[in-house]
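Student: For reference, this is model.txt, and it has compact mmCIF, C-alpha atoms (C1' of nucleotides).
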# COMPACT_ATOMS: atom_id res chain seq x y z
CA MET A 12 -14.50 -36.28 15.25
CA SER A 13 -12.38 -33.80 16.99
CA LYS A 14 -10.82 -32.33 13.89
CA LYS A 15 -11.89 -31.46 10.41
CA ASN A 16 -9.75 -33.13 7.83
CA SER A 17 -11.09 -31.81 4.55
CA ASP A 18 -8.94 -31.11 1.49
CA ALA A 19 -10.70 -27.84 0.87
CA PRO A 20 -9.10 -24.63 2.08
CA PRO A 21 -10.31 -23.38 5.45
CA LYS A 22 -13.21 -21.01 5.17
CA GLN A 23 -12.03 -18.73 7.93
CA LEU A 24 -8.54 -17.43 7.54
CA SER A 25 -6.46 -16.48 10.55
CA ASP A 26 -5.11 -13.00 11.04
CA ALA A 27 -1.59 -14.26 10.38
CA ALA A 28 -2.67 -15.90 7.13
CA LEU A 29 -4.42 -12.74 6.01
CA GLU A 30 -1.30 -10.72 6.76
CA LEU A 31 0.79 -13.11 4.70
CA ILE A 32 -1.53 -13.00 1.74
CA ALA A 33 -1.84 -9.23 1.95
CA THR A 34 1.93 -8.86 2.00
CA ARG A 35 2.27 -10.91 -1.15
CA PHE A 36 -0.34 -8.93 -2.99
CA ARG A 37 1.17 -5.70 -1.70
CA ALA A 38 4.43 -6.64 -3.39
CA LEU A 39 2.49 -6.54 -6.66
CA SER A 40 0.76 -3.27 -5.90
CA GLU A 41 3.38 -0.80 -7.13
CA PRO A 42 3.94 0.15 -10.76
CA MET A 43 7.71 0.21 -10.45
CA ARG A 44 7.78 -3.31 -9.02
CA LEU A 45 5.44 -4.51 -11.74
CA ARG A 46 7.76 -3.03 -14.32
CA LEU A 47 10.70 -4.84 -12.77
CA LEU A 48 8.76 -8.10 -12.75
CA ASN A 49 7.66 -7.51 -16.31
CA LEU A 50 11.28 -7.18 -17.35
CA LEU A 51 12.32 -10.24 -15.39
CA MET A 52 9.53 -12.25 -17.01
CA GLN A 53 11.38 -11.74 -20.25
CA GLY A 54 14.53 -13.19 -18.77
CA GLU A 55 17.25 -12.58 -16.23
CA HIS A 56 18.56 -9.05 -15.79
CA SER A 57 21.33 -7.54 -13.71
CA VAL A 58 20.41 -4.75 -11.33
CA GLY A 59 22.20 -2.32 -13.60
CA GLN A 60 20.16 -3.45 -16.58
CA LEU A 61 17.00 -2.98 -14.58
CA VAL A 62 18.14 0.50 -13.56
CA GLU A 63 18.76 1.43 -17.17
CA ALA A 64 15.55 -0.14 -18.47
CA THR A 65 13.37 1.56 -15.89
CA GLY A 66 15.18 4.89 -15.81
CA SER A 67 14.92 4.85 -12.05
CA SER A 68 17.75 5.27 -9.55
CA GLN A 69 19.90 2.37 -8.49
CA ALA A 70 18.92 2.84 -4.87
CA ASN A 71 15.26 2.76 -5.70
CA VAL A 72 15.51 -0.33 -7.87
CA SER A 73 17.56 -2.05 -5.23
CA LYS A 74 15.01 -1.32 -2.55
CA HIS A 75 12.16 -2.68 -4.65
CA LEU A 76 14.17 -5.77 -5.47
CA THR A 77 14.81 -6.35 -1.78
CA LEU A 78 11.09 -6.25 -1.12
CA LEU A 79 10.36 -8.61 -4.00
CA ARG A 80 13.06 -10.95 -2.72
CA GLU A 81 11.54 -10.93 0.76
CA ALA A 82 8.20 -11.77 -0.78
CA GLY A 83 9.86 -14.76 -2.41
CA MET A 84 9.05 -13.55 -5.90
CA VAL A 85 12.52 -12.66 -7.12
CA GLY A 86 15.82 -14.44 -6.68
CA THR A 87 19.35 -13.15 -7.01
CA ARG A 88 22.61 -14.73 -8.02
CA LYS A 89 26.01 -13.07 -7.82
CA GLU A 90 28.23 -13.09 -10.86
CA GLY A 91 31.38 -11.17 -10.18
CA LEU A 92 30.45 -7.61 -9.41
CA THR A 93 26.95 -7.79 -10.72
CA SER A 94 23.96 -9.54 -9.26
CA ILE A 95 21.59 -11.25 -11.61
CA CYS A 96 17.89 -11.19 -10.82
CA PHE A 97 15.24 -13.65 -11.91
CA ILE A 98 11.67 -14.65 -11.16
CA ALA A 99 11.84 -17.10 -8.28
CA ASP A 100 8.18 -18.06 -8.10
CA PRO A 101 6.16 -18.90 -11.22
CA ILE A 102 3.04 -17.67 -9.46
CA VAL A 103 4.17 -14.18 -10.42
CA ASN A 104 3.66 -14.97 -14.08
CA GLU A 105 0.31 -16.59 -13.45
CA LEU A 106 -1.03 -13.78 -11.29
CA CYS A 107 0.11 -11.06 -13.65
CA GLU A 108 -1.13 -12.76 -16.76
CA MET A 109 -4.46 -13.47 -15.15
CA MET A 110 -4.83 -9.87 -14.11
CA CYS A 111 -3.71 -8.54 -17.48
CA SER A 112 -6.06 -10.66 -19.51
CA ARG A 113 -8.92 -9.72 -17.20
CA LEU A 114 -8.16 -6.04 -17.71
CA ARG A 115 -7.95 -6.52 -21.45
CA GLU A 116 -11.40 -8.08 -21.38
CA GLU A 117 -12.78 -5.16 -19.44
CA MET A 118 -11.19 -2.64 -21.78
CA GLU A 119 -12.61 -4.40 -24.81
CA ASP A 120 -16.05 -4.58 -23.26
CA LYS A 121 -15.89 -0.90 -22.41
CA ALA A 122 -14.72 -0.02 -25.91
CA LYS A 123 -17.49 -2.11 -27.41
CA SER A 124 -20.21 -0.52 -25.34
CA LEU A 125 -18.83 2.92 -26.11
CA ALA A 126 -18.80 2.10 -29.81
CA SER A 127 -22.37 0.83 -29.75
CA GLY A 128 -23.36 3.93 -27.83
CA LEU A 129 -22.11 5.98 -30.75
CA GLY A 130 -24.01 3.99 -33.33
CA MET B 23 4.94 -6.99 -41.65
CA SER B 24 4.09 -3.66 -40.19
CA LYS B 25 2.40 -5.01 -37.10
CA LYS B 26 2.85 -7.88 -34.76
CA ASN B 27 -0.25 -9.94 -34.45
CA SER B 28 0.67 -12.45 -31.79
CA ASP B 29 -1.74 -13.83 -29.23
CA ALA B 30 0.78 -13.25 -26.46
CA PRO B 31 0.40 -10.20 -24.23
CA PRO B 32 2.58 -7.19 -25.08
CA LYS B 33 6.01 -7.39 -23.54
CA GLN B 34 6.25 -3.74 -22.57
CA LEU B 35 3.43 -2.39 -20.50
CA SER B 36 2.55 1.28 -20.51
CA ASP B 37 2.62 3.38 -17.38
CA ALA B 38 -1.15 3.58 -17.41
CA ALA B 39 -1.47 -0.19 -17.66
CA LEU B 40 0.96 -0.67 -14.81
CA GLU B 41 -1.02 1.76 -12.68
CA LEU B 42 -4.21 -0.13 -13.40
CA ILE B 43 -2.72 -3.48 -12.53
CA ALA B 44 -1.10 -2.09 -9.40
CA THR B 45 -4.39 -0.61 -8.26
CA ARG B 46 -6.11 -3.96 -8.61
CA PHE B 47 -3.46 -5.78 -6.66
CA ARG B 48 -3.45 -3.01 -4.06
CA ALA B 49 -7.11 -3.68 -3.42
CA LEU B 50 -6.04 -7.17 -2.36
CA SER B 51 -3.18 -5.97 -0.21
CA GLU B 52 -4.98 -5.28 3.07
CA PRO B 53 -5.96 -7.91 5.62
CA MET B 54 -9.32 -6.33 6.37
CA ARG B 55 -10.27 -6.28 2.70
CA LEU B 56 -9.16 -9.86 2.32
CA ARG B 57 -11.32 -10.80 5.26
CA LEU B 58 -14.30 -9.08 3.65
CA LEU B 59 -13.66 -10.86 0.37
CA ASN B 60 -13.22 -14.14 2.19
CA LEU B 61 -16.65 -13.69 3.76
CA LEU B 62 -18.21 -12.69 0.45
CA MET B 63 -16.71 -15.75 -1.22
CA GLN B 64 -18.92 -17.78 1.08
CA GLY B 65 -21.99 -15.92 -0.12
CA GLU B 66 -23.70 -12.57 -0.12
CA HIS B 67 -23.58 -10.47 3.04
CA SER B 68 -25.15 -7.20 4.07
CA VAL B 69 -22.84 -4.44 5.24
CA GLY B 70 -24.11 -4.95 8.77
CA GLN B 71 -23.31 -8.64 8.64
CA LEU B 72 -19.80 -7.83 7.46
CA VAL B 73 -19.40 -5.34 10.29
CA GLU B 74 -20.45 -7.93 12.82
CA ALA B 75 -18.40 -10.73 11.32
CA THR B 76 -15.23 -8.66 11.18
CA GLY B 77 -15.69 -6.83 14.46
CA SER B 78 -14.55 -3.66 12.74
CA SER B 79 -16.36 -0.34 12.71
CA GLN B 80 -19.15 0.27 10.25
CA ALA B 81 -17.33 3.28 8.80
CA ASN B 82 -14.21 1.28 8.22
CA VAL B 83 -16.02 -1.58 6.52
CA SER B 84 -17.90 0.85 4.36
CA LYS B 85 -14.73 2.55 3.24
CA HIS B 86 -13.07 -0.72 2.32
CA LEU B 87 -16.17 -1.82 0.45
CA THR B 88 -16.11 1.41 -1.52
CA LEU B 89 -12.54 0.73 -2.55
CA LEU B 90 -13.35 -2.84 -3.53
CA ARG B 91 -16.33 -1.59 -5.51
CA GLU B 92 -14.16 0.92 -7.34
CA ALA B 93 -11.76 -1.89 -8.15
CA GLY B 94 -14.67 -3.77 -9.69
CA MET B 95 -14.27 -6.67 -7.30
CA VAL B 96 -17.40 -6.24 -5.22
CA GLY B 97 -20.92 -5.36 -6.25
CA THR B 98 -23.77 -3.98 -4.19
CA ARG B 99 -27.51 -4.30 -4.43
CA LYS B 100 -29.99 -2.34 -2.34
CA GLU B 101 -32.72 -4.22 -0.53
CA GLY B 102 -34.77 -1.82 1.47
CA LEU B 103 -32.54 -0.25 4.07
CA THR B 104 -29.72 -2.71 3.73
CA SER B 105 -27.24 -3.10 0.92
CA ILE B 106 -26.19 -6.57 -0.03
CA CYS B 107 -22.60 -7.13 -1.12
CA PHE B 108 -21.27 -9.82 -3.39
CA ILE B 109 -18.20 -10.75 -5.38
CA ALA B 110 -18.55 -9.03 -8.74
CA ASP B 111 -15.53 -10.47 -10.48
CA PRO B 112 -14.66 -14.17 -10.31
CA ILE B 113 -11.00 -13.28 -10.70
CA VAL B 114 -11.04 -12.51 -6.98
CA ASN B 115 -11.66 -16.16 -6.17
CA GLU B 116 -9.02 -17.32 -8.62
CA LEU B 117 -6.36 -14.93 -7.41
CA CYS B 118 -6.97 -15.65 -3.75
CA GLU B 119 -7.13 -19.39 -4.16
CA MET B 120 -3.99 -19.38 -6.22
CA MET B 121 -2.17 -17.32 -3.61
CA CYS B 122 -3.49 -19.42 -0.73
CA SER B 123 -2.52 -22.74 -2.23
CA ARG B 124 0.92 -21.38 -3.05
CA LEU B 125 1.38 -20.28 0.55
CA ARG B 126 0.19 -23.63 1.81
CA GLU B 127 2.81 -25.31 -0.36
CA GLU B 128 5.51 -23.08 1.05
CA MET B 129 4.41 -23.69 4.62
CA GLU B 130 4.43 -27.43 4.08
CA ASP B 131 7.86 -27.34 2.49
CA LYS B 132 9.15 -25.25 5.35
CA ALA B 133 7.64 -27.61 7.92
CA LYS B 134 9.12 -30.58 6.12
CA SER B 135 12.60 -29.13 6.00
CA LEU B 136 12.35 -28.14 9.64
CA ALA B 137 11.24 -31.64 10.54
CA SER B 138 14.09 -33.23 8.62
CA GLY B 139 16.47 -30.80 10.25
CA LEU B 140 15.41 -32.24 13.58
CA GLY B 141 15.93 -35.84 12.49
C1' DT C 25 -43.19 15.08 9.79
C1' DC C 26 -40.39 12.83 13.13
C1' DG C 27 -37.70 9.14 14.64
C1' DT C 28 -35.24 4.95 13.82
C1' DT C 29 -32.26 2.03 11.26
C1' DA C 30 -28.65 0.94 7.82
C1' DT C 31 -24.95 3.06 5.12
C1' DG C 32 -22.01 6.47 3.43
C1' DT C 33 -18.82 10.46 3.93
C1' DA C 34 -15.50 13.90 6.07
C1' DG C 35 -11.91 15.15 8.94
C1' DC C 36 -8.11 13.76 11.95
C1' DG C 37 -3.92 11.54 13.89
C1' DA C 38 -0.74 7.84 13.34
C1' DT C 39 1.82 4.87 10.46
C1' DA C 40 3.84 3.14 6.15
C1' DT C 41 6.32 3.73 1.99
C1' DA C 42 8.08 5.79 -2.61
C1' DG C 43 11.87 8.23 -4.23
C1' DC C 44 16.01 11.23 -3.59
C1' DA C 45 20.81 11.94 -1.89
C1' DA C 46 24.69 10.44 0.59
C1' DA C 47 27.17 6.94 2.83
C1' DT C 48 28.51 2.13 3.06
C1' DC C 49 29.62 -2.53 1.54
C1' DA C 50 31.60 -6.02 -1.60
C1' DT C 51 34.22 -7.47 -5.42
C1' DT C 52 37.37 -6.91 -9.08
C1' DT C 53 41.49 -4.75 -11.08
C1' DC C 54 45.60 -2.17 -11.10
C1' DG D 22 46.66 -1.94 -0.68
C1' DA D 23 44.19 1.71 -3.48
C1' DA D 24 41.00 2.80 -6.96
C1' DA D 25 36.99 1.60 -9.44
C1' DT D 26 32.64 -0.56 -10.07
C1' DG D 27 28.06 -2.55 -8.88
C1' DA D 28 24.84 -2.86 -5.33
C1' DT D 29 22.83 -2.12 -0.80
C1' DT D 30 21.72 0.68 3.25
C1' DT D 31 20.54 4.88 5.71
C1' DG D 32 18.29 9.42 6.55
C1' DC D 33 15.09 12.33 4.84
C1' DT D 34 10.69 14.44 2.92
C1' DA D 35 6.37 13.99 0.79
C1' DT D 36 2.39 11.42 0.09
C1' DA D 37 -0.97 7.81 0.89
C1' DT D 38 -3.96 5.28 3.79
C1' DC D 39 -5.68 2.76 7.97
C1' DG D 40 -8.95 3.17 11.60
C1' DC D 41 -11.25 6.36 14.54
C1' DT D 42 -15.03 9.86 15.69
C1' DA D 43 -18.56 12.61 14.22
C1' DC D 44 -21.72 13.91 10.96
C1' DA D 45 -24.65 13.25 6.69
C1' DT D 46 -27.70 10.67 3.73
C1' DA D 47 -31.41 7.42 2.58
C1' DA D 48 -35.33 4.46 3.41
C1' DC D 49 -38.81 2.85 6.26
C1' DG D 50 -42.64 3.18 9.84
C1' DA D 51 -45.44 5.62 13.43
As a first step, turn the structure in this file into structure tokens.

Tutor:
Amino acid sequence: MSKKNSDAPPKQLSDAALELIATRFRALSEPMRLRLLNLLMQGEHSVGQLVEATGSSQANVSKHLTLLREAGMVGTRKEGLTSICFIADPIVNELCEMMCSRLREEMEDKAKSLASGLG
Amino acid sequence: MSKKNSDAPPKQLSDAALELIATRFRALSEPMRLRLLNLLMQGEHSVGQLVEATGSSQANVSKHLTLLREAGMVGTRKEGLTSICFIADPIVNELCEMMCSRLREEMEDKAKSLASGLG
DNA sequence: TCGTTATGTAGCGATATAGCAAATCATTTC
DNA sequence: GAAATGATTTGCTATATCGCTACATAACGA
């Protein structure tokens, strides 16, 4: 057989694949972007609403949204003057919830061991 | 009721929480670290083995491993002179597999639409 | 103890990016 | 068309970090 044809993911990832994956995770690696995503997970928001909710500058929010759009995580739709943003890829919710619940676990474990250490 | 008692995660995340989450995702946002994790997902490796497999410098691998250790994703066990590295948190596998399969989907969709565009 | 081997750490230069301010673009309204 | 509004883009500075080189630490054996 000249070619592997398994359903499993390849064990060795190419440089290009690693770059792609890294870029996606990098989009999630900034607090401000996570805050924006957190807001968008609760429903669509205009850029202006995001600016107000985050307290950041319009330019800054816009730049982060551009990056999130390029990563395919956020979509935008024009409505008159305003542009409405929304989560474009449900993986965002999954990844964030997975990470959050994992961190909650860790925090609880840490709290528990601290508490028992006081006993 | 003075307090919400839902099972759902809190809607508004604190700055500290966002920093924590961002730091975790940032650990996954570099190709070299992803390559190291990819190797470790296939089983334990010594630092030297990781150096050889990646072709990177020993200092560089060590630094990335330190970061991954601080993020709680990689663990280390000393065996004589060598230290053996392993995935310490199964969330690494889940996150990476989720991201990889999502990217595969996208690539396939893109290929399909390109192909139909040629038809 | 000395030397060797396997890792870890420090310092450095180059590059990337967050956030600010100002300029620009696009759309609606007068 | 001009003004106003919402959003994006462009320079800029400060900070972070990648990978390198050189050095330091730790464990083992002669």

Student: When you draw a straight line from atom CA of A:Arg46 to atom C1' of C:DA47, how long is it in Å?

Tutor: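 Atom C1' of C:DA47 lies 27.8 Å from atom CA of A:Arg46.
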
Student: What does the structure give for the distance between atom CA of B:Asn60 and atom CA of B:Ser79, in Å to one decimal?

Tutor: 17.6 Å

Student: What's the 10 Å shell around stretch 27-37 of chain C, counting only C-alpha atoms (C1' of nucleotides), without same-chain residues fewer than 6 positions away, as a PyMOL selection string?

Tutor: (chain B and resi 68-70+80-81+84-85+88+102-105) or (chain D and resi 41-51)

Student: What are the centre and edge lengths in Å, to one decimal, of the axis-aligned box around all listed atoms of stretch 61-72 of chain B with 4 Å added on each side, as lines of an AutoDock Vina configuration file?

Tutor:
center_x = -20.9
center_y = -11.1
center_z = 3.8
size_x = 16.5
size_y = 21.3
size_z = 18.0

Student: For chain D, which of B:Gln71, B:Lys100, B:Asp37, B:Glu66 is the closest residue, counting only C-alpha atoms (C1' of nucleotides)?

Tutor: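 Of B:Gln71, B:Lys100, B:Asp37, B:Glu66, the one nearest chain D is B:Lys100, counting only C-alpha atoms (C1' of nucleotides).
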
Student: Distance atom CA of A:Leu125-atom CA of B:Arg46, one decimal place?

Tutor: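 The value is 22.7 Å.
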
Student: Compute the distance from (-11.3, -15.9, 7.0) to each atom, counting all atoms listed in the file, keep the residues with any atom at most 10 Å away, and return them as a ChimeraX atom specification; use the coordinates of the file.

Tutor: /A:21-26,28-29 /B:53-54,56-61,63-64,75-76

Student: Residues of chain A within 7 Å of chain B, counting only C-alpha atoms, what are they? List them as JSON, numbers by chain.

Tutor: {"A": [29, 30, 32, 33, 34, 36, 37, 39, 40, 41, 42, 45, 106, 110]}

Student: Counting all atoms listed in the file, which of B:Val96, B:His86, B:Pro112, B:Lys132 gets nearest to chain C?

Tutor: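 Once distances to chain C are computed over all atoms listed in the file, the minimum belongs to B:His86.
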
Student: Within 9 Å of chain A, which residues belong to chain C? Use only C-alpha atoms (C1' of nucleotides) and report them as a PyMOL selection string.

Tutor: chain C and resi 42-44+50-52

Student: Could stretch 96-117 of chain B be completed with N, CA and C atoms and returned as a short mmCIF file (atom, residue, chain, number, x, y, z; two decimals), in the frame of the given file?

Tutor:
data_model
loop_
_atom_site.label_atom_id
_atom_site.label_comp_id
_atom_site.auth_asym_id
_atom_site.auth_seq_id
_atom_site.Cartn_x
_atom_site.Cartn_y
_atom_site.Cartn_z
N VAL B 96 -16.20 -6.02 -6.02
CA VAL B 96 -17.40 -6.24 -5.22
C VAL B 96 -18.54 -5.45 -5.82
N GLY B 97 -19.71 -6.04 -5.79
CA GLY B 97 -20.92 -5.36 -6.25
C GLY B 97 -21.87 -5.18 -5.10
N THR B 98 -22.83 -4.27 -5.26
CA THR B 98 -23.77 -3.98 -4.19
C THR B 98 -25.17 -3.86 -4.78
N ARG B 99 -26.11 -4.35 -4.00
CA ARG B 99 -27.51 -4.30 -4.43
C ARG B 99 -28.33 -3.85 -3.22
N LYS B 100 -29.19 -2.87 -3.44
CA LYS B 100 -29.99 -2.34 -2.34
C LYS B 100 -31.23 -3.20 -2.13
N GLU B 101 -31.48 -3.51 -0.88
CA GLU B 101 -32.72 -4.22 -0.53
C GLU B 101 -33.31 -3.51 0.66
N GLY B 102 -34.23 -2.61 0.38
CA GLY B 102 -34.77 -1.82 1.47
C GLY B 102 -33.69 -0.96 2.08
N LEU B 103 -33.55 -1.07 3.38
CA LEU B 103 -32.54 -0.25 4.07
C LEU B 103 -31.14 -0.81 3.89
N THR B 104 -31.05 -2.09 3.72
CA THR B 104 -29.72 -2.71 3.73
C THR B 104 -29.17 -2.84 2.32
N SER B 105 -27.85 -2.82 2.22
CA SER B 105 -27.24 -3.10 0.92
C SER B 105 -26.48 -4.42 1.00
N ILE B 106 -26.74 -5.23 0.02
CA ILE B 106 -26.19 -6.57 -0.03
C ILE B 106 -24.95 -6.56 -0.91
N CYS B 107 -23.87 -7.12 -0.40
CA CYS B 107 -22.60 -7.13 -1.12
C CYS B 107 -22.30 -8.52 -1.65
N PHE B 108 -21.63 -8.54 -2.78
CA PHE B 108 -21.27 -9.82 -3.39
C PHE B 108 -20.03 -9.67 -4.25
N ILE B 109 -19.37 -10.76 -4.51
CA ILE B 109 -18.20 -10.75 -5.38
C ILE B 109 -18.66 -10.47 -6.81
N ALA B 110 -18.10 -9.43 -7.41
CA ALA B 110 -18.55 -9.03 -8.74
C ALA B 110 -17.66 -9.58 -9.83
N ASP B 111 -16.48 -10.00 -9.47
CA ASP B 111 -15.53 -10.47 -10.48
C ASP B 111 -14.90 -11.78 -10.01
N PRO B 112 -15.15 -12.85 -10.74
CA PRO B 112 -14.66 -14.17 -10.31
C PRO B 112 -13.14 -14.24 -10.21
N ILE B 113 -12.47 -13.26 -10.78
CA ILE B 113 -11.00 -13.28 -10.70
C ILE B 113 -10.55 -13.21 -9.25
N VAL B 114 -11.37 -12.60 -8.41
CA VAL B 114 -11.04 -12.51 -6.98
C VAL B 114 -10.83 -13.91 -6.41
N ASN B 115 -11.78 -14.80 -6.67
CA ASN B 115 -11.66 -16.16 -6.17
C ASN B 115 -10.40 -16.83 -6.72
N GLU B 116 -10.18 -16.66 -8.00
CA GLU B 116 -9.02 -17.32 -8.62
C GLU B 116 -7.72 -16.82 -8.02
N LEU B 117 -7.60 -15.49 -7.93
CA LEU B 117 -6.36 -14.93 -7.41
C LEU B 117 -6.12 -15.38 -5.97
#
